[in-house]
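Engineer: Just dropping this structure here.
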Amino acid sequence: MMGTITVVISDELEREIRRLISREGKAKKGALSRLVESALWAYIRSRKAQERVFRAIKDGKVVAEARSLYDLADRLREAGIDPRSVRIVSSPPPKPRRRLGLRCGRV
Amino acid sequence: MIADSTLFLRVVLENPLLGERYPREGDVLAVLDTGYEGFLAVPREVFDSLKLGELITERGELVLPNKQVVTTHAAYAAARIIDAGVLVEGLVETFEGLDEIVAGQDILSSLRLVIDYCRGYVDVAPCRYPL
């Protein structure tokens with residue numbers, strides 16, 4: 001199944017898109033639709049990557065979960081749980097080993 | 001802002017879980033370090049002032065440019081980016097010997113920065129989609 005949507009974009013963006021398709025030798029029927037679909041999926045992926053969830057874990061169980069630390073703090077307070085007693089993790093997690101920039105090279 | 005050729009962000013750090021803030025009044029400058037893959041690295045006294053050490057901290061590793069590996073203590077906290085009017089959350093870490101607040105890629109990924117060294121100014125704004 002394929003849906004049809006009508007969108008309005010600037011002349012400048014349209015020129016750039018058409019130039020890109022033409023330059024890559026993909027100026028066939030449906031090329032514009034494929035490019036728009038690819039771009040929208042890339043956008044959705046980037047948004048999903050930015051969706052973060054914080055979880056509070058106590059005795060191996062998730063006792064609270066929220067999209068922000070402030071909401072997590074509220075939920076812990078409502079549940080009467082001391083924030084000091086829980087381990088907080090985020091999903092996606094940060095890299096376990098991170099590089100520092102040259103700024104801190106002297107440490 | 002640019003000071004002495006170095007890029008800084010004006011920030012207020014917050015620990016939402018224990019209701020602490022650093023500094024207590026006003027804001028503080030964080031050095032922008034695009035080579036730092038984390039969120040925020042802070043001196044021990046800042047970490048303690050936010051009471052992040054009272055939470056269950058994570059241990060992490062940072063690799064210095066000279067390949068030396070240092071162990072960090074880290075906890076989740078928030079940073080209010082004053083010039084962008086945005087609040088971002090992430091892992092704040094500390095390690096021995098650090099004497100300034102360093103903002104890394106995890107903070108920068110939420111911001112649109114326009115750096116104009118010619119005029120000596122930086123425009124900071126939150127990300128808007130589509131970019």
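If you're wondering about the labels, chains in the structure tokens are A, B, ... by order shown, residues count from 1 in each chain, ligands from 1 in order shown.
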Can you write out as CSV which residues of chain A fall within 12 Å of chain B, alongside each residue's closest atom pair and its distance in Å to one decimal, counting only C-alpha atoms and ordering rows by chain and ascending residue number?

Structural biologist:
```
residue,atom,partner,partner_atom,distance
A:Ala39,CA,B:Pro130,CA,10.5
A:Leu40,CA,B:Pro130,CA,9.9
A:Ala42,CA,B:Pro130,CA,10.9
A:Tyr43,CA,B:Pro130,CA,7.7
A:Ile44,CA,B:Pro130,CA,10.5
A:Ser46,CA,B:Tyr129,CA,10.2
A:Arg47,CA,B:Tyr129,CA,9.1
A:Ala49,CA,B:Ser109,CA,11.4
A:Gln50,CA,B:Ser110,CA,9.3
A:Glu51,CA,B:Glu89,CA,11.8
A:Arg52,CA,B:Glu89,CA,9.6
A:Val53,CA,B:Glu89,CA,10.9
A:Phe54,CA,B:Tyr76,CA,9.2
A:Arg55,CA,B:Tyr76,CA,11.0
A:Ala56,CA,B:Ile56,CA,10.5
A:Ile57,CA,B:Ile56,CA,10.4
A:Lys58,CA,B:Ile56,CA,10.7
A:Arg67,CA,B:Glu89,CA,10.1
A:Ser68,CA,B:Glu89,CA,7.5
A:Leu69,CA,B:Pro16,CA,6.2
A:Tyr70,CA,B:Pro16,CA,5.4
A:Asp71,CA,B:Pro16,CA,8.9
A:Leu72,CA,B:Leu17,CA,7.8
A:Ala73,CA,B:Leu17,CA,4.9
A:Asp74,CA,B:Leu17,CA,8.3
A:Arg75,CA,B:Leu17,CA,10.3
A:Leu76,CA,B:Leu17,CA,8.7
A:Arg77,CA,B:Leu17,CA,9.1
A:Ile81,CA,B:Leu17,CA,10.9
A:Asp82,CA,B:Leu17,CA,9.0
A:Pro83,CA,B:Leu17,CA,6.2
A:Arg84,CA,B:Leu55,CA,4.6
A:Ser85,CA,B:Ile56,CA,7.2
A:Val86,CA,B:Ile56,CA,6.7
A:Arg87,CA,B:Ile56,CA,5.5
A:Ile88,CA,B:Tyr76,CA,7.5
A:Val89,CA,B:Tyr76,CA,8.3
A:Ser90,CA,B:Gly90,CA,8.7
A:Ser91,CA,B:Gly90,CA,11.1
A:Pro92,CA,B:Gly90,CA,11.0
A:Pro93,CA,B:Leu91,CA,9.5
A:Pro94,CA,B:Leu91,CA,7.6
A:Lys95,CA,B:Gly38,CA,8.0
A:Pro96,CA,B:Gly60,CA,5.7
A:Arg97,CA,B:Glu61,CA,4.8
A:Arg98,CA,B:Leu62,CA,4.9
A:Arg99,CA,B:Val63,CA,4.6
A:Leu100,CA,B:Tyr36,CA,4.1
A:Gly101,CA,B:Gly35,CA,3.8
A:Leu102,CA,B:Pro65,CA,5.9
A:Arg103,CA,B:Asp33,CA,6.6
A:Cys104,CA,B:Leu64,CA,7.1
A:Gly105,CA,B:Pro65,CA,5.5
A:Arg106,CA,B:Leu64,CA,8.6
A:Val107,CA,B:Gly97,CA,5.7
```

Engineer: Export, as a PDB file, in the first residue's frame, the selected residues with C-alpha atoms.

Structural biologist:
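Output file selection.pdb is given in full below:
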```
ATOM      1  CA  ALA A  39      14.453  11.493   4.023  1.00  0.00           C
ATOM      2  CA  LEU A  40      11.351  11.084   6.181  1.00  0.00           C
ATOM      3  CA  ALA A  42      15.921   9.316   8.354  1.00  0.00           C
ATOM      4  CA  TYR A  43      14.065  12.069  10.201  1.00  0.00           C
ATOM      5  CA  ILE A  44      11.940   9.583  12.130  1.00  0.00           C
ATOM      6  CA  SER A  46      16.795  10.691  14.325  1.00  0.00           C
ATOM      7  CA  ARG A  47      13.758  11.662  16.423  1.00  0.00           C
ATOM      8  CA  ALA A  49      17.144   8.219  18.781  1.00  0.00           C
ATOM      9  CA  GLN A  50      16.452  11.335  20.815  1.00  0.00           C
ATOM     10  CA  GLU A  51      13.637   9.802  22.800  1.00  0.00           C
ATOM     11  CA  ARG A  52      15.087   8.947  26.137  1.00  0.00           C
ATOM     12  CA  VAL A  53      13.622   7.130  29.096  1.00  0.00           C
ATOM     13  CA  PHE A  54      14.993   7.300  32.634  1.00  0.00           C
ATOM     14  CA  ARG A  55      14.380   4.337  34.924  1.00  0.00           C
ATOM     15  CA  ALA A  56      14.851   4.053  38.674  1.00  0.00           C
ATOM     16  CA  ILE A  57      15.888   0.583  39.738  1.00  0.00           C
ATOM     17  CA  LYS A  58      15.697  -0.790  43.255  1.00  0.00           C
ATOM     18  CA  ARG A  67      11.005  10.764  30.061  1.00  0.00           C
ATOM     19  CA  SER A  68      12.675  13.415  32.212  1.00  0.00           C
ATOM     20  CA  LEU A  69      14.528  13.469  35.501  1.00  0.00           C
ATOM     21  CA  TYR A  70      12.001  15.948  36.897  1.00  0.00           C
ATOM     22  CA  ASP A  71       9.122  13.569  36.173  1.00  0.00           C
ATOM     23  CA  LEU A  72      11.152  10.710  37.596  1.00  0.00           C
ATOM     24  CA  ALA A  73      11.752  12.728  40.776  1.00  0.00           C
ATOM     25  CA  ASP A  74       7.987  13.364  41.042  1.00  0.00           C
ATOM     26  CA  ARG A  75       7.183   9.673  40.637  1.00  0.00           C
ATOM     27  CA  LEU A  76       9.715   8.643  43.255  1.00  0.00           C
ATOM     28  CA  ARG A  77       8.325  11.261  45.636  1.00  0.00           C
ATOM     29  CA  ILE A  81      11.041   6.262  47.535  1.00  0.00           C
ATOM     30  CA  ASP A  82      14.272   8.032  48.481  1.00  0.00           C
ATOM     31  CA  PRO A  83      16.167   8.907  45.252  1.00  0.00           C
ATOM     32  CA  ARG A  84      19.371   7.989  47.076  1.00  0.00           C
ATOM     33  CA  SER A  85      18.217   4.385  47.267  1.00  0.00           C
ATOM     34  CA  VAL A  86      17.717   3.786  43.555  1.00  0.00           C
ATOM     35  CA  ARG A  87      20.049   3.310  40.646  1.00  0.00           C
ATOM     36  CA  ILE A  88      19.092   5.486  37.712  1.00  0.00           C
ATOM     37  CA  VAL A  89      19.698   4.320  34.178  1.00  0.00           C
ATOM     38  CA  SER A  90      18.766   5.791  30.855  1.00  0.00           C
ATOM     39  CA  SER A  91      17.716   4.227  27.617  1.00  0.00           C
ATOM     40  CA  PRO A  92      19.562   4.599  25.326  1.00  0.00           C
ATOM     41  CA  PRO A  93      22.534   4.387  27.697  1.00  0.00           C
ATOM     42  CA  PRO A  94      25.594   6.620  27.376  1.00  0.00           C
ATOM     43  CA  LYS A  95      28.784   5.151  25.974  1.00  0.00           C
ATOM     44  CA  PRO A  96      30.633   3.314  28.767  1.00  0.00           C
ATOM     45  CA  ARG A  97      33.966   4.655  27.559  1.00  0.00           C
ATOM     46  CA  ARG A  98      34.034   8.198  26.295  1.00  0.00           C
ATOM     47  CA  ARG A  99      36.784  10.279  24.781  1.00  0.00           C
ATOM     48  CA  LEU A 100      37.752  13.634  26.167  1.00  0.00           C
ATOM     49  CA  GLY A 101      38.785  16.483  23.915  1.00  0.00           C
ATOM     50  CA  LEU A 102      42.148  18.151  23.750  1.00  0.00           C
ATOM     51  CA  ARG A 103      40.872  20.679  26.247  1.00  0.00           C
ATOM     52  CA  CYS A 104      41.384  18.179  29.056  1.00  0.00           C
ATOM     53  CA  GLY A 105      44.584  16.665  27.751  1.00  0.00           C
ATOM     54  CA  ARG A 106      46.544  18.050  30.631  1.00  0.00           C
ATOM     55  CA  VAL A 107      44.627  16.245  33.397  1.00  0.00           C
TER      56      VAL A 107
END
```

Engineer: List every residue of segment 1-79 of chain A that DSSP, applied to the backbone of this structure, assigns to strand (DSSP E), and report them as a list in words.

Structural biologist: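 For segment 1-79 of chain A, the strand (DSSP E) set is Val53, Phe54, Arg55, Ala56, Ile57, Lys58, Lys61, Val62, Val63, Ala64, Glu65 and Ala66 of chain A.
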
Engineer: What lies within 8 Å of Arg10 of chain B using only C-alpha atoms, ignoring chain neighbours under 5 positions off, as a ChimeraX atom specification?

Structural biologist: /B:1,27-30,81-83

Engineer: DSSP on the backbone, helix (DSSP H, G or I) only: what residues of segment 60-124 of chain B does that give? Format it as a count of residues only.

Structural biologist: 4
